[in-house]
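Student: For reference, the structure I am asking about is given below.
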Amino acid sequence: MLETDRLTQDDVRQIVREEIQRAFKKDPATKKLSMVASKGTLDWAYPPLILATAGAAANMEAAIFFTFYGLNIIHKDFDKKLLVAPTGNPAMPMPVPMPDVLTGMPGMKTMATGMMKSMFKKKGVATIKELLDVAVELEVRLIACQMTMDVFGFEESDFIDGVEFGGAAAFLSDARKSHVTLFI
Amino acid sequence: MLETDRLTQDDVRQIVREEIQRAFKKDPATKKLSMVASKGTLDWAYPPLILATAGAAANMEAAIFFTFYGLNIIHKDFDKKLLVAPTGNPAMPMPVPMPDVLTGMPGMKTMATGMMKSMFKKKGVATIKELLDVAVELEVRLIACQMTMDVFGFEESDFIDGVEFGGAAAFLSDARKSHVTLFI
Amino acid sequence: MLETDRLTQDDVRQIVREEIQRAFKKDPATKKLSMVASKGTLDWAYPPLILATAGAAANMEAAIFFTFYGLNIIHKDFDKKLLVAPTGNPAMPMPVPMPDVLTGMPGMKTMATGMMKSMFKKKGVATIKELLDVAVELEVRLIACQMTMDVFGFEESDFIDGVEFGGAAAFLSDARKSHVTLFI
């Protein structure tokens, strides 16, 4: 069809369909994943990092906003800070069933943390360090919540390289353009 | 208007509006609900199942991805595995206020679990078994996380009938087409 | 271009682009934030209220659906009900490291709650009361889950002014039109 030809309804519908398809393709929402990581234990450090790296590997733009206890995950000392506590979580597998008054005894957090790390290692699951390295490599945005940093007394230098800093407004401005939004 | 008529700007705008409306209607995002169920206690088994069945009843396509402790919910022994622990959750209603050192005593998990089940029964809330049956009937997709299954030592045969198996990539591929995404 | 002029393909493409842009702008999804608040402790009361007020301040329509323990947040007695328990959360900063059998002692919840409140006050973080006031002022919808109210024995009059009442279906009907959906 030449530009000088008269356009029919069918021509117009065809143009419209092409343009709509192009507009949807440009919609960044289909490619963006925006998460809040709010928990600071070893077990809950995994889901945001696994989802972000899996998303980035599938060509999604992924961002994680670390707030409250979640700041532990990107702290330089994450390996010491990320513990796991069996108390209050009857769903955690323990070698023998035990009441919380025992799971709460001194040493039990260390035992549970070690047990989980060795279970993960034995099964070939990546460590938190490995997942953080992959996340940075795949350009996952790691954003530390400035308000919680201030409340908990953290400095920018307490965090691993590549971390950005922002507030709830920064998260929402990213999230409102995302298709997958999760609070972990 | 006949096809041979000359198209005016108004005709074209009208066609465009119709096509856009059609394109939006075809968008599956308005009809899809995609959730992660990560917790394995009785209380946290309810939200994903209630939301999935309510969504499916309202003609949404619902999927739940069970990971970490959430695998308990679709385990054949869910009734024994889904307990509730008052320790560490001061928001849980207890007959009398008590410190965690008491809520952690042997027998308290059994007591709290029994109390919650009887509260739910008295108020006519469906049991987990009933919700799972409804979910399967309404074609809610129940997907078990293969990585966590492997870590926790579960086999495919440990789970109820109708469960699918997949990884984080499977969840994200569903979630990026969904309008409602929740991590529970 | 006059209406009587012959429309070229370029004219039509221009019209289509304008109409698509308009259609996307009218899409309420880019402006809606829909959250579930399911936890009833002081620390977990903050994220939904901070995100809702930040969203409303950025011209998003925000709604929070309070369910399970989250009902505490909008209870008239929220100030007494919202406690914080260090037990089972090794990520909570404590003056000295201690095992859960100590964090579970009588008085520790009161101590941890007081400590968090004073940390927040010292850093100029708004109180829950202030955030609730701002939320109401900015027309954030606060919806109490009727099913959980019934199970926990709450009456409509137990909640602060401005609260609406609805079920899971009400939440989903709001959430499926929202771009940001979070389960907290």
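Ordering of the structure tokens sets the chain letters (A, B, ...); residue numbers start at 1 within each chain; ligands are numbered from 1 in the order shown.
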Select, as a ChimeraX atom specification, those residues of chain A with any atom no more than 7 Å from chain C (distances computed using only C-alpha atoms).
Tutor: /A:3-4,15-16,19,40-41,69,83-88,101,104-106,151,168-169,172,175-176,179,181-183
Student: Excluding Ala135 (chain C) and any residue of its chain fewer than 4 positions from it, enumerate the residues within 9 Å of it, using only C-alpha atoms, and give them as a list in words.
Tutor: Leu49, Ile50, Ala52, Thr53, Ala56, Glu130, Leu131, Glu139, Val140, Arg141 and Leu142 of chain C
Student: Selected residues, N, CA and C atoms, written as a tab-separated table (two decimals), in the first residue's frame, please.
Tutor:
chain	number	residue	atom	x	y	z
C	49	LEU	N	1.82	1.12	56.72
C	49	LEU	CA	1.42	2.52	56.92
C	49	LEU	C	2.39	3.48	56.23
C	50	ILE	N	3.69	3.18	56.28
C	50	ILE	CA	4.67	4.05	55.61
C	50	ILE	C	4.47	3.99	54.09
C	52	ALA	N	1.74	3.12	52.41
C	52	ALA	CA	0.44	3.69	52.01
C	52	ALA	C	0.49	5.22	52.04
C	53	THR	N	1.10	5.80	53.07
C	53	THR	CA	1.12	7.26	53.14
C	53	THR	C	2.10	7.83	52.10
C	56	ALA	N	0.19	7.58	48.81
C	56	ALA	CA	-0.88	8.59	48.74
C	56	ALA	C	-0.28	9.98	48.52
C	130	GLU	N	0.38	8.82	64.52
C	130	GLU	CA	0.59	9.87	63.52
C	130	GLU	C	0.41	9.32	62.10
C	131	LEU	N	0.94	8.13	61.85
C	131	LEU	CA	0.80	7.55	60.51
C	131	LEU	C	-0.66	7.24	60.19
C	139	GLU	N	-6.78	9.99	52.62
C	139	GLU	CA	-7.82	9.12	52.05
C	139	GLU	C	-7.32	7.74	51.66
C	140	VAL	N	-6.37	7.21	52.42
C	140	VAL	CA	-5.99	5.81	52.27
C	140	VAL	C	-7.18	4.98	52.76
C	141	ARG	N	-7.60	3.99	51.96
C	141	ARG	CA	-8.71	3.14	52.40
C	141	ARG	C	-8.19	2.11	53.40
C	142	LEU	N	-8.82	2.06	54.57
C	142	LEU	CA	-8.45	1.09	55.60
C	142	LEU	C	-9.60	0.09	55.70
Student: Mind pulling up the distance from CA of Asp174 (chain B) to CA of Asp161 (chain B)?
Tutor: 21.1 Å
Student: Run DSSP on the backbone and give me the residues of region 44-179 of chain B it puts in alpha helix (DSSP H), as a PyMOL selection string.
Tutor: chain B and resi 44-57+78-81+100-103+108-122+128-137+146-152+168-175
Student: Once DSSP has gone over the backbone, tell me which residues of region 26-160 of chain C are in strand (DSSP E), as a PyMOL selection string.
Tutor: chain C and resi 32-37+61-66+141-145
Student: Got time to write the residues from that selection, C-alpha atoms, as a compact mmCIF listing (two decimals), in the first residue's frame?
Tutor:
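Contents of part_19.txt, freshly written:
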# COMPACT_ATOMS: atom_id res chain seq x y z
CA LYS C 32 -3.18 2.15 42.61
CA LEU C 33 -1.42 0.46 45.55
CA SER C 34 -3.16 -2.42 47.28
CA MET C 35 -1.73 -4.09 50.38
CA VAL C 36 -2.60 -6.78 52.90
CA ALA C 37 -1.40 -6.10 56.46
CA GLU C 61 -4.76 5.55 45.42
CA ALA C 62 -3.76 3.37 48.38
CA ALA C 63 -5.76 0.70 50.20
CA ILE C 64 -4.77 -1.55 53.09
CA PHE C 65 -6.68 -4.73 53.87
CA PHE C 66 -6.11 -5.66 57.52
CA ARG C 141 -8.71 3.14 52.40
CA LEU C 142 -8.45 1.09 55.60
CA ILE C 143 -10.41 -2.15 55.23
CA ALA C 144 -10.88 -4.65 58.08
CA CYS C 145 -11.26 -8.32 57.12
